[in-house]
Amino acid sequence: MRKSLTSAERLKSKADFALVFNNAGVKSACRGAKLVARKNSFEINRFAVTLVRKFGNAVQRNYARRVLKEIYRNTKQDLPTGYDIIVVLYSGDYNYHEREQQFTKLIRRAGIAKTDS
RNA sequence: AAGACGGGCCGGGUUGCCGCUGGUUUAAACCAGAGGAAAGUCCGGGCUCCGCAGGGGAUGAUGCCGGGUAACUCCCGGGCGCUAUUUCGGUUUGUACCGAGACAGUGACAGCCAGUGCCGCAGAAAAUAUACCGCCAUUUAAAUAUGGUAAGGGUGAAAUGGUGAGGUAAGAGCUCACCGGGCCGACCGGUAACGGCGGUUGCAAGGUAAACCUCAUCAGGAGCAAGGUUAAGCAGCGGAUAGGUUCCCCGCCUGUUAUCCGCGGGUAAAUCGCUGAUGAUUUUUCCGGUAACGGGAAAACCAGAUAGAUGGUAACCGUAAACAGAACUCGGCUUACAGGCCCGUCUUUUUU
RNA sequence: GGCGCCGUACCCAAGCGGUUAAGGGAGUGGAUUGCAAAUCCAUGAUUCAGCGGUUCGAGUCCGCUCGGCGCCU
């Protein structure tokens, strides 16, 4: 599986976001981040990152978004397919490795990790 | 060499792997991919629309002079004022004061001789004229009273030019010398602001226009979520005769199969604008100009996203990098900024 | 991205450039009560969001910065 993140694998419209937030089947949270997901009707996962309103300036927001997209790209082969996943990030100074620990914790608590791995 | 101040520039680099956006394109592959402030949105343009932009008013902005520019509250050059430092000259016993010059910084720098308003407290008196203490004269034994007086004290941010001499009962530009003002000049220099020179005037009147205001100049309004096209979807009802030019009036334009207003209903998607390009563009260079800048030549085309593209990781250098992310676009201003480089001025130390 | 509004004590707020910045609620202390409530009395701005400027003097006028809020399709 390629470690890509094409535009078909991303949530885009405002309607998609509203659907996930209003019909969230899976939720989990930890310090600094929160995960919301629901089953979709496709063969693939779709992913998006969003940030709370008071998250720093534009550079900090873009950096946090990139880091989460990178983590998802590197770990998505370990996830089962058929989910729309949104990660909400809260304000805080976290580097790549800390964000990676947060993401694996969220996936484990949400119960959508593959059981064999 | 170090430090301080001022000005200008740079703003991590190279390689591999995994990824993102755009272009060429069958695909693969290749190429390109955030800033000096992209920021604040404080000014000024381009561009688009408003059934046209005409006039007057209101409102707002600007405000020494000349130039630059598409334009500007910007930039360049000059003038004047103020402040600090310093030099020279004068006065004085003297800390000091006055005048002239140099260099640096700085100034929302038109007009309170059009009119109006305001100047609390303190002070006798605050813009109108005026005597609290004091001084002098007359009166009285004295107290006191009347008059003269702005030199001294005191108040204040500000008190009717300053210093010295004469003068006087005591005083006062009352008179004189020097300095500082005001006014005039058909004079000289300068495009001008202004400066110089000469004459004249004893100098009856302060500050505030980032107070109203006056004068001059400039502004139609809204903003790419402007605006155009396509697709999907829905349900009409009530009211007005006028509506439009986005503050008002005139003028102008449109109109009764019309237009507008209010309530209600529907959509929340794509595409153009949008950047692959001919531009106030970028780089190099020549010429003119004190400079801002203008003119020419050659080469180049250099982000274009829409949940919103530059990251992660490994290695090396390293302070294992500050402030910080384009959203139609350009010129400025302002604010933030680790570290490094260059130039100029001043100070200190060392060497010759 | 663009356009606009606001900031005065813990909260709501008034404030013509001029003492020591109104008022209400809450709080605190006291009085009252057997104890409370209610009532009465007293009480607080070291810097009017911050910095700079104009002025003799700024909460007020002007500029910049910070923070908060609203609108657009």
# chains A, B, ... in the order shown; residues from 1 in each chain; ligands from 1
$ select_by_dssp --residues "chain A" --states "alpha helix (DSSP H)" --output "number ranges by chain"
A: 14-22, 58-75, 96-110
$ write_last_selection --atoms "N, CA and C atoms" --output "short mmCIF file (atom, residue, chain, number, x, y, z; two decimals), in the first residue's frame"
data_model
loop_
_atom_site.label_atom_id
_atom_site.label_comp_id
_atom_site.auth_asym_id
_atom_site.auth_seq_id
_atom_site.Cartn_x
_atom_site.Cartn_y
_atom_site.Cartn_z
N LYS A 14 -18.17 20.83 3.80
CA LYS A 14 -18.74 21.14 5.11
C LYS A 14 -19.77 20.09 5.50
N ALA A 15 -20.47 19.52 4.50
CA ALA A 15 -21.48 18.49 4.78
C ALA A 15 -20.83 17.24 5.34
N ASP A 16 -19.67 16.86 4.79
CA ASP A 16 -18.98 15.68 5.30
C ASP A 16 -18.64 15.85 6.78
N PHE A 17 -18.14 17.01 7.12
CA PHE A 17 -17.79 17.28 8.51
C PHE A 17 -19.01 17.22 9.40
N ALA A 18 -20.10 17.82 8.95
CA ALA A 18 -21.31 17.83 9.77
C ALA A 18 -21.81 16.41 9.98
N LEU A 19 -21.73 15.58 8.95
CA LEU A 19 -22.19 14.20 9.05
C LEU A 19 -21.39 13.44 10.10
N VAL A 20 -20.08 13.62 10.09
CA VAL A 20 -19.25 12.89 11.04
C VAL A 20 -19.51 13.37 12.46
N PHE A 21 -19.59 14.69 12.64
CA PHE A 21 -19.74 15.20 14.01
C PHE A 21 -21.12 14.90 14.57
N ASN A 22 -22.14 14.86 13.73
CA ASN A 22 -23.49 14.64 14.23
C ASN A 22 -23.82 13.18 14.38
N ALA A 58 -1.15 31.21 12.25
CA ALA A 58 -1.28 30.41 11.03
C ALA A 58 -0.16 29.40 10.88
N VAL A 59 1.06 29.79 11.26
CA VAL A 59 2.19 28.87 11.11
C VAL A 59 2.02 27.68 12.03
N GLN A 60 1.64 27.92 13.27
CA GLN A 60 1.48 26.82 14.23
C GLN A 60 0.34 25.91 13.80
N ARG A 61 -0.74 26.50 13.30
CA ARG A 61 -1.88 25.69 12.85
C ARG A 61 -1.50 24.81 11.67
N ASN A 62 -0.83 25.39 10.69
CA ASN A 62 -0.43 24.61 9.53
C ASN A 62 0.53 23.51 9.90
N TYR A 63 1.46 23.81 10.85
CA TYR A 63 2.44 22.81 11.25
C TYR A 63 1.74 21.63 11.91
N ALA A 64 0.83 21.90 12.81
CA ALA A 64 0.14 20.81 13.51
C ALA A 64 -0.66 19.97 12.52
N ARG A 65 -1.29 20.60 11.56
CA ARG A 65 -2.07 19.88 10.55
C ARG A 65 -1.16 18.97 9.71
N ARG A 66 -0.02 19.49 9.33
CA ARG A 66 0.91 18.68 8.54
C ARG A 66 1.42 17.47 9.31
N VAL A 67 1.72 17.71 10.58
CA VAL A 67 2.24 16.61 11.39
C VAL A 67 1.20 15.50 11.47
N LEU A 68 -0.06 15.83 11.70
CA LEU A 68 -1.10 14.80 11.82
C LEU A 68 -1.31 14.09 10.49
N LYS A 69 -1.27 14.83 9.40
CA LYS A 69 -1.41 14.19 8.10
C LYS A 69 -0.25 13.22 7.84
N GLU A 70 0.92 13.58 8.26
CA GLU A 70 2.09 12.71 8.09
C GLU A 70 1.95 11.44 8.94
N ILE A 71 1.47 11.59 10.15
CA ILE A 71 1.30 10.43 11.02
C ILE A 71 0.26 9.49 10.43
N TYR A 72 -0.84 10.03 9.96
CA TYR A 72 -1.88 9.21 9.37
C TYR A 72 -1.36 8.47 8.15
N ARG A 73 -0.57 9.18 7.34
CA ARG A 73 -0.04 8.58 6.12
C ARG A 73 0.85 7.38 6.44
N ASN A 74 1.65 7.50 7.52
CA ASN A 74 2.59 6.45 7.87
C ASN A 74 1.93 5.28 8.59
N THR A 75 0.73 5.49 9.14
CA THR A 75 0.11 4.43 9.94
C THR A 75 -1.18 3.91 9.34
N TYR A 96 6.57 15.96 16.61
CA TYR A 96 6.08 14.83 15.83
C TYR A 96 5.88 13.59 16.68
N HIS A 97 6.85 13.28 17.54
CA HIS A 97 6.79 12.02 18.29
C HIS A 97 5.69 12.06 19.33
N GLU A 98 5.48 13.22 19.97
CA GLU A 98 4.42 13.33 20.95
C GLU A 98 3.05 13.21 20.28
N ARG A 99 2.92 13.81 19.10
CA ARG A 99 1.67 13.70 18.36
C ARG A 99 1.42 12.26 17.93
N GLU A 100 2.48 11.51 17.58
CA GLU A 100 2.33 10.11 17.17
C GLU A 100 1.83 9.26 18.32
N GLN A 101 2.37 9.50 19.53
CA GLN A 101 1.88 8.77 20.71
C GLN A 101 0.42 9.09 20.96
N GLN A 102 0.05 10.37 20.82
CA GLN A 102 -1.35 10.75 21.00
C GLN A 102 -2.24 10.00 20.01
N PHE A 103 -1.80 9.93 18.75
CA PHE A 103 -2.65 9.33 17.72
C PHE A 103 -2.85 7.83 17.97
N THR A 104 -1.78 7.13 18.30
CA THR A 104 -1.92 5.69 18.57
C THR A 104 -2.80 5.46 19.78
N LYS A 105 -2.69 6.30 20.79
CA LYS A 105 -3.54 6.18 21.97
C LYS A 105 -5.01 6.38 21.58
N LEU A 106 -5.27 7.37 20.72
CA LEU A 106 -6.64 7.63 20.29
C LEU A 106 -7.21 6.46 19.51
N ILE A 107 -6.38 5.90 18.63
CA ILE A 107 -6.84 4.77 17.83
C ILE A 107 -7.15 3.58 18.72
N ARG A 108 -6.29 3.31 19.70
CA ARG A 108 -6.49 2.18 20.60
C ARG A 108 -7.76 2.38 21.43
N ARG A 109 -7.95 3.57 21.98
CA ARG A 109 -9.13 3.83 22.81
C ARG A 109 -10.41 3.78 21.97
N ALA A 110 -10.30 4.20 20.69
CA ALA A 110 -11.50 4.19 19.85
C ALA A 110 -11.88 2.77 19.43
#
$ residues_around --residues "stretch 63-66 of chain C" --least-positions-apart "6" --cutoff "9 Å" --atoms "only C-alpha atoms (C1' of nucleotides)" --output "mmCIF file with N, CA and C atoms (P, O5', C5', C4', C3', O3' and C1' of nucleotides), in the first residue's frame"
data_model
loop_
_atom_site.group_PDB
_atom_site.id
_atom_site.type_symbol
_atom_site.label_atom_id
_atom_site.label_comp_id
_atom_site.auth_asym_id
_atom_site.auth_seq_id
_atom_site.Cartn_x
_atom_site.Cartn_y
_atom_site.Cartn_z
ATOM 1 P P U B 334 7.277 53.995 9.072
ATOM 2 O "O5'" U B 334 6.328 53.170 10.049
ATOM 3 C "C5'" U B 334 5.369 53.832 10.851
ATOM 4 C "C4'" U B 334 4.401 52.839 11.467
ATOM 5 C "C3'" U B 334 5.054 51.734 12.276
ATOM 6 O "O3'" U B 334 5.353 52.151 13.594
ATOM 7 C "C1'" U B 334 3.431 50.808 10.821
ATOM 8 P P U B 335 6.674 51.557 14.334
ATOM 9 O "O5'" U B 335 6.253 50.071 14.717
ATOM 10 C "C5'" U B 335 5.216 49.843 15.648
ATOM 11 C "C4'" U B 335 4.728 48.415 15.579
ATOM 12 C "C3'" U B 335 5.783 47.346 15.770
ATOM 13 O "O3'" U B 335 6.151 47.159 17.120
ATOM 14 C "C1'" U B 335 4.391 46.772 13.953
ATOM 15 P P A C 49 -9.558 51.813 29.182
ATOM 16 O "O5'" A C 49 -8.654 50.508 29.033
ATOM 17 C "C5'" A C 49 -8.560 49.575 30.106
ATOM 18 C "C4'" A C 49 -7.478 48.566 29.787
ATOM 19 C "C3'" A C 49 -6.119 49.172 29.445
ATOM 20 O "O3'" A C 49 -5.345 49.420 30.604
ATOM 21 C "C1'" A C 49 -6.745 47.637 27.767
ATOM 22 P P G C 50 -4.398 50.742 30.675
ATOM 23 O "O5'" G C 50 -3.168 50.351 29.763
ATOM 24 C "C5'" G C 50 -2.271 49.317 30.147
ATOM 25 C "C4'" G C 50 -1.264 49.050 29.057
ATOM 26 C "C3'" G C 50 -0.438 50.254 28.634
ATOM 27 O "O3'" G C 50 0.675 50.474 29.471
ATOM 28 C "C1'" G C 50 -1.297 49.177 26.714
ATOM 29 P P C C 51 1.199 51.989 29.740
ATOM 30 O "O5'" C C 51 1.924 52.353 28.373
ATOM 31 C "C5'" C C 51 3.109 51.669 27.966
ATOM 32 C "C4'" C C 51 3.524 52.057 26.563
ATOM 33 C "C3'" C C 51 3.746 53.545 26.324
ATOM 34 O "O3'" C C 51 4.999 54.012 26.790
ATOM 35 C "C1'" C C 51 2.459 52.651 24.555
ATOM 36 P P G C 52 5.105 55.543 27.303
ATOM 37 O "O5'" G C 52 4.887 56.409 25.984
ATOM 38 C "C5'" G C 52 5.968 56.645 25.107
ATOM 39 C "C4'" G C 52 5.499 57.220 23.784
ATOM 40 C "C3'" G C 52 5.062 58.676 23.778
ATOM 41 O "O3'" G C 52 6.150 59.592 23.807
ATOM 42 C "C1'" G C 52 3.534 57.400 22.517
ATOM 43 P P G C 53 5.932 61.042 24.507
ATOM 44 O "O5'" G C 53 4.961 61.791 23.484
ATOM 45 C "C5'" G C 53 5.468 62.279 22.243
ATOM 46 C "C4'" G C 53 4.354 62.742 21.334
ATOM 47 C "C3'" G C 53 3.676 64.053 21.711
ATOM 48 O "O3'" G C 53 4.431 65.181 21.318
ATOM 49 C "C1'" G C 53 2.036 62.451 21.128
#
$ interface_residues --of "chain B" --to "chain A" --cutoff "7 Å" --atoms "only C-alpha atoms (C1' of nucleotides)" --output "list of chain:residue names"
B:G19, B:A307, B:G311, B:G312, B:A324, B:G325
$ write_last_selection --atoms "N, CA and C atoms (P, O5', C5', C4', C3', O3' and C1' of nucleotides)" --output "tab-separated table (two decimals), in the first residue's frame"
chain	number	residue	atom	x	y	z
B	19	G	P	5.23	7.33	-1.29
B	19	G	O5'	4.61	8.57	-0.53
B	19	G	C5'	3.93	9.58	-1.24
B	19	G	C4'	3.47	10.64	-0.27
B	19	G	C3'	2.90	11.89	-0.92
B	19	G	O3'	1.54	11.72	-1.27
B	19	G	C1'	4.49	12.50	0.70
B	307	A	P	-12.00	22.81	0.42
B	307	A	O5'	-10.87	22.22	1.37
B	307	A	C5'	-9.92	23.08	1.96
B	307	A	C4'	-9.37	22.49	3.24
B	307	A	C3'	-9.32	20.98	3.26
B	307	A	O3'	-8.13	20.58	3.94
B	307	A	C1'	-10.60	21.78	5.07
B	311	G	P	8.68	23.06	5.24
B	311	G	O5'	8.25	21.89	6.24
B	311	G	C5'	7.01	21.95	6.93
B	311	G	C4'	6.45	20.56	7.11
B	311	G	C3'	7.41	19.53	7.68
B	311	G	O3'	7.53	19.65	9.09
B	311	G	C1'	6.28	18.60	5.84
B	312	G	P	8.89	19.27	9.85
B	312	G	O5'	8.93	17.66	9.79
B	312	G	C5'	7.93	16.91	10.46
B	312	G	C4'	8.02	15.45	10.08
B	312	G	C3'	9.37	14.80	10.30
B	312	G	O3'	9.55	14.41	11.65
B	312	G	C1'	8.56	14.22	8.16
B	324	A	P	5.31	36.06	16.16
B	324	A	O5'	4.68	36.25	14.73
B	324	A	C5'	4.31	35.15	13.93
B	324	A	C4'	4.82	35.35	12.53
B	324	A	C3'	4.05	34.59	11.45
B	324	A	O3'	2.93	35.34	11.02
B	324	A	C1'	6.39	34.32	11.14
B	325	G	P	1.49	34.64	10.80
B	325	G	O5'	1.51	34.33	9.23
B	325	G	C5'	2.07	33.16	8.74
B	325	G	C4'	2.14	33.21	7.25
B	325	G	C3'	0.80	32.92	6.55
B	325	G	O3'	0.71	33.69	5.38
B	325	G	C1'	2.41	31.29	5.95
$ residues_around --residues "C:G57" --least-positions-apart "3" --cutoff "9 Å" --atoms "only C-alpha atoms (C1' of nucleotides)" --output "list in words"
A157 of chain B; G17 and G18 of chain C
$ atom_distance --atom1 "atom C1' of B:C135" --atom2 "atom C1' of B:C203"
26.8 Å
$ atom_distance --atom1 "atom C1' of B:A303" --atom2 "atom C1' of B:A37"
17.9 Å
$ select_by_dssp --residues "chain A" --states "strand (DSSP E or B)" --output "short mmCIF file (atom, residue, chain, number, x, y, z; two decimals) with all heavy atoms, in the first residue's frame"
data_model
loop_
_atom_site.label_atom_id
_atom_site.label_comp_id
_atom_site.auth_asym_id
_atom_site.auth_seq_id
_atom_site.Cartn_x
_atom_site.Cartn_y
_atom_site.Cartn_z
N ARG A 10 -9.46 12.32 1.50
CA ARG A 10 -9.63 13.40 2.47
C ARG A 10 -11.10 13.84 2.52
O ARG A 10 -11.78 13.85 1.49
CB ARG A 10 -8.74 14.58 2.09
CG ARG A 10 -7.32 14.39 2.52
CD ARG A 10 -6.45 15.51 2.05
NE ARG A 10 -6.20 15.41 0.63
CZ ARG A 10 -5.56 16.34 -0.07
NH1 ARG A 10 -5.13 17.42 0.51
NH2 ARG A 10 -5.37 16.17 -1.36
N VAL A 26 -17.83 6.55 16.73
CA VAL A 26 -16.62 6.26 17.51
C VAL A 26 -16.06 7.58 17.98
O VAL A 26 -15.91 8.51 17.20
CB VAL A 26 -15.57 5.52 16.64
CG1 VAL A 26 -14.36 5.20 17.47
CG2 VAL A 26 -16.17 4.29 16.02
N LYS A 27 -15.77 7.62 19.28
CA LYS A 27 -15.16 8.84 19.82
C LYS A 27 -14.09 8.42 20.80
O LYS A 27 -14.25 7.44 21.52
CB LYS A 27 -16.19 9.67 20.59
CG LYS A 27 -17.18 10.41 19.73
CD LYS A 27 -18.07 11.26 20.63
CE LYS A 27 -19.15 11.93 19.82
NZ LYS A 27 -20.09 12.65 20.70
N SER A 28 -13.03 9.18 20.86
CA SER A 28 -12.06 9.00 21.93
C SER A 28 -11.30 10.31 22.09
O SER A 28 -11.27 11.14 21.19
CB SER A 28 -11.09 7.86 21.61
OG SER A 28 -10.28 8.21 20.52
N ALA A 29 -10.67 10.47 23.27
CA ALA A 29 -9.99 11.73 23.55
C ALA A 29 -8.81 11.47 24.44
O ALA A 29 -8.77 10.47 25.18
CB ALA A 29 -10.93 12.72 24.21
N CYS A 30 -7.84 12.34 24.37
CA CYS A 30 -6.73 12.32 25.30
C CYS A 30 -6.25 13.76 25.42
O CYS A 30 -6.82 14.66 24.83
CB CYS A 30 -5.60 11.40 24.83
SG CYS A 30 -4.72 12.04 23.40
N ALA A 33 -5.70 16.21 22.12
CA ALA A 33 -6.32 15.83 20.85
C ALA A 33 -7.59 15.04 21.11
O ALA A 33 -7.84 14.57 22.23
CB ALA A 33 -5.36 15.02 20.00
N LYS A 34 -8.36 14.84 20.05
CA LYS A 34 -9.65 14.17 20.16
C LYS A 34 -9.94 13.55 18.80
O LYS A 34 -9.60 14.14 17.77
CB LYS A 34 -10.71 15.19 20.51
CG LYS A 34 -12.11 14.68 20.72
CD LYS A 34 -12.97 15.85 21.15
CE LYS A 34 -14.42 15.49 21.22
NZ LYS A 34 -15.20 16.68 21.59
N LEU A 35 -10.55 12.36 18.80
CA LEU A 35 -10.81 11.66 17.56
C LEU A 35 -12.31 11.40 17.44
O LEU A 35 -12.94 10.99 18.40
CB LEU A 35 -10.04 10.33 17.50
CG LEU A 35 -10.17 9.50 16.22
CD1 LEU A 35 -8.84 8.86 15.91
CD2 LEU A 35 -11.24 8.43 16.36
N VAL A 36 -12.84 11.67 16.24
CA VAL A 36 -14.25 11.43 15.96
C VAL A 36 -14.30 10.65 14.65
O VAL A 36 -13.60 10.98 13.71
CB VAL A 36 -15.03 12.75 15.83
CG1 VAL A 36 -16.48 12.47 15.52
CG2 VAL A 36 -14.90 13.56 17.09
N ALA A 37 -15.14 9.59 14.59
CA ALA A 37 -15.19 8.80 13.36
C ALA A 37 -16.56 8.16 13.21
O ALA A 37 -17.33 8.06 14.18
CB ALA A 37 -14.11 7.71 13.37
N ARG A 38 -16.86 7.79 11.99
CA ARG A 38 -18.08 7.04 11.72
C ARG A 38 -17.81 6.15 10.50
O ARG A 38 -16.91 6.40 9.70
CB ARG A 38 -19.26 7.97 11.45
CG ARG A 38 -19.18 8.69 10.12
CD ARG A 38 -20.39 9.58 9.91
NE ARG A 38 -21.51 8.84 9.37
CZ ARG A 38 -21.69 8.61 8.05
NH1 ARG A 38 -20.81 9.04 7.17
NH2 ARG A 38 -22.75 7.97 7.63
N LYS A 39 -18.63 5.10 10.38
CA LYS A 39 -18.48 4.20 9.22
C LYS A 39 -19.03 4.89 7.99
O LYS A 39 -20.07 5.54 8.04
CB LYS A 39 -19.25 2.90 9.48
CG LYS A 39 -18.51 1.92 10.34
CD LYS A 39 -19.23 0.59 10.34
CE LYS A 39 -18.43 -0.48 11.07
NZ LYS A 39 -17.14 -0.77 10.41
N ARG A 46 -11.50 7.81 4.93
CA ARG A 46 -11.32 9.23 4.62
C ARG A 46 -10.93 9.96 5.90
O ARG A 46 -11.40 9.62 6.98
CB ARG A 46 -12.59 9.82 4.02
CG ARG A 46 -12.92 9.23 2.68
CD ARG A 46 -14.00 10.00 1.97
NE ARG A 46 -15.23 10.01 2.74
CZ ARG A 46 -16.27 10.78 2.41
NH1 ARG A 46 -16.21 11.59 1.37
NH2 ARG A 46 -17.36 10.74 3.13
N PHE A 47 -10.07 10.99 5.76
CA PHE A 47 -9.39 11.55 6.92
C PHE A 47 -9.41 13.07 6.84
O PHE A 47 -9.40 13.65 5.74
CB PHE A 47 -7.95 11.04 6.94
CG PHE A 47 -7.14 11.56 8.08
CD1 PHE A 47 -7.32 11.08 9.37
CD2 PHE A 47 -6.18 12.54 7.87
CE1 PHE A 47 -6.56 11.56 10.41
CE2 PHE A 47 -5.42 13.01 8.92
CZ PHE A 47 -5.62 12.52 10.19
N ALA A 48 -9.43 13.71 7.99
CA ALA A 48 -9.29 15.17 8.04
C ALA A 48 -8.79 15.58 9.41
O ALA A 48 -9.00 14.88 10.40
CB ALA A 48 -10.61 15.87 7.75
N VAL A 49 -8.10 16.73 9.42
CA VAL A 49 -7.62 17.31 10.68
C VAL A 49 -8.31 18.65 10.83
O VAL A 49 -8.44 19.41 9.87
CB VAL A 49 -6.09 17.53 10.64
CG1 VAL A 49 -5.62 18.05 11.97
CG2 VAL A 49 -5.39 16.26 10.26
N THR A 50 -8.76 18.93 12.04
CA THR A 50 -9.28 20.26 12.30
C THR A 50 -8.75 20.74 13.62
O THR A 50 -8.29 19.95 14.44
CB THR A 50 -10.82 20.26 12.28
OG1 THR A 50 -11.27 21.59 12.31
CG2 THR A 50 -11.38 19.52 13.44
N LEU A 51 -8.79 22.08 13.81
CA LEU A 51 -8.16 22.65 14.99
C LEU A 51 -9.16 23.54 15.70
O LEU A 51 -10.03 24.14 15.06
CB LEU A 51 -6.95 23.50 14.58
CG LEU A 51 -5.85 22.74 13.86
CD1 LEU A 51 -5.94 22.95 12.38
CD2 LEU A 51 -4.50 23.15 14.39
N TYR A 83 -13.91 3.89 7.24
CA TYR A 83 -14.21 4.90 8.25
C TYR A 83 -13.95 6.31 7.72
O TYR A 83 -13.04 6.52 6.92
CB TYR A 83 -13.34 4.71 9.50
CG TYR A 83 -13.78 3.55 10.37
CD1 TYR A 83 -13.20 2.29 10.24
CD2 TYR A 83 -14.77 3.73 11.33
CE1 TYR A 83 -13.58 1.24 11.03
CE2 TYR A 83 -15.17 2.68 12.12
CZ TYR A 83 -14.58 1.43 11.98
OH TYR A 83 -14.99 0.40 12.76
N ASP A 84 -14.77 7.27 8.21
CA ASP A 84 -14.45 8.69 8.08
C ASP A 84 -13.89 9.14 9.42
O ASP A 84 -14.57 9.04 10.45
CB ASP A 84 -15.69 9.51 7.76
CG ASP A 84 -16.13 9.32 6.32
OD1 ASP A 84 -15.33 8.79 5.53
OD2 ASP A 84 -17.26 9.71 6.01
N ILE A 85 -12.66 9.63 9.42
CA ILE A 85 -11.96 9.95 10.67
C ILE A 85 -11.64 11.44 10.70
O ILE A 85 -11.10 11.99 9.73
CB ILE A 85 -10.66 9.14 10.80
CG1 ILE A 85 -10.97 7.64 10.78
CG2 ILE A 85 -9.92 9.52 12.08
CD1 ILE A 85 -9.76 6.78 10.62
N ILE A 86 -11.95 12.10 11.80
CA ILE A 86 -11.56 13.49 12.00
C ILE A 86 -10.81 13.57 13.32
O ILE A 86 -11.24 13.02 14.33
CB ILE A 86 -12.79 14.42 12.05
CG1 ILE A 86 -13.50 14.44 10.70
CG2 ILE A 86 -12.37 15.83 12.45
CD1 ILE A 86 -14.77 15.22 10.70
N VAL A 87 -9.68 14.24 13.30
CA VAL A 87 -8.91 14.48 14.51
C VAL A 87 -8.99 15.97 14.83
O VAL A 87 -8.71 16.81 13.97
CB VAL A 87 -7.44 14.04 14.34
CG1 VAL A 87 -6.65 14.41 15.57
CG2 VAL A 87 -7.37 12.57 14.07
N VAL A 88 -9.40 16.26 16.04
CA VAL A 88 -9.46 17.65 16.51
C VAL A 88 -8.25 17.89 17.40
O VAL A 88 -8.01 17.12 18.33
CB VAL A 88 -10.75 17.91 17.31
CG1 VAL A 88 -10.81 19.35 17.75
CG2 VAL A 88 -11.96 17.55 16.47
N LEU A 89 -7.51 18.95 17.10
CA LEU A 89 -6.30 19.25 17.87
C LEU A 89 -6.55 20.45 18.76
O LEU A 89 -7.16 21.44 18.36
CB LEU A 89 -5.14 19.56 16.93
CG LEU A 89 -4.71 18.41 16.02
CD1 LEU A 89 -3.55 18.86 15.17
CD2 LEU A 89 -4.35 17.20 16.82
#
$ atom_distance --atom1 "atom C1' of B:C263" --atom2 "atom C1' of B:A235"
12.9 Å
$ closest_residue --among "A:Ala24, A:Phe42, A:Phe55, A:Pro80" --to "A:Ile112" --atoms "only C-alpha atoms"
A:Pro80
$ residues_around --residues "C:A22" --least-positions-apart "3" --cutoff "12 Å" --atoms "only C-alpha atoms (C1' of nucleotides)" --output "list in words"
U8, A13, A14 and G15 of chain C
$ write_last_selection --atoms "C-alpha atoms (C1' of nucleotides)" --output "PDB file, in the first residue's frame"
ATOM      1  C1'   U C   8     -13.869  52.430  32.992  1.00  0.00           C
ATOM      2  C1'   A C  13     -22.251  50.837  33.854  1.00  0.00           C
ATOM      3  C1'   A C  14     -22.349  57.214  33.924  1.00  0.00           C
ATOM      4  C1'   G C  15     -18.671  60.578  32.793  1.00  0.00           C
TER       5        G C  15
END
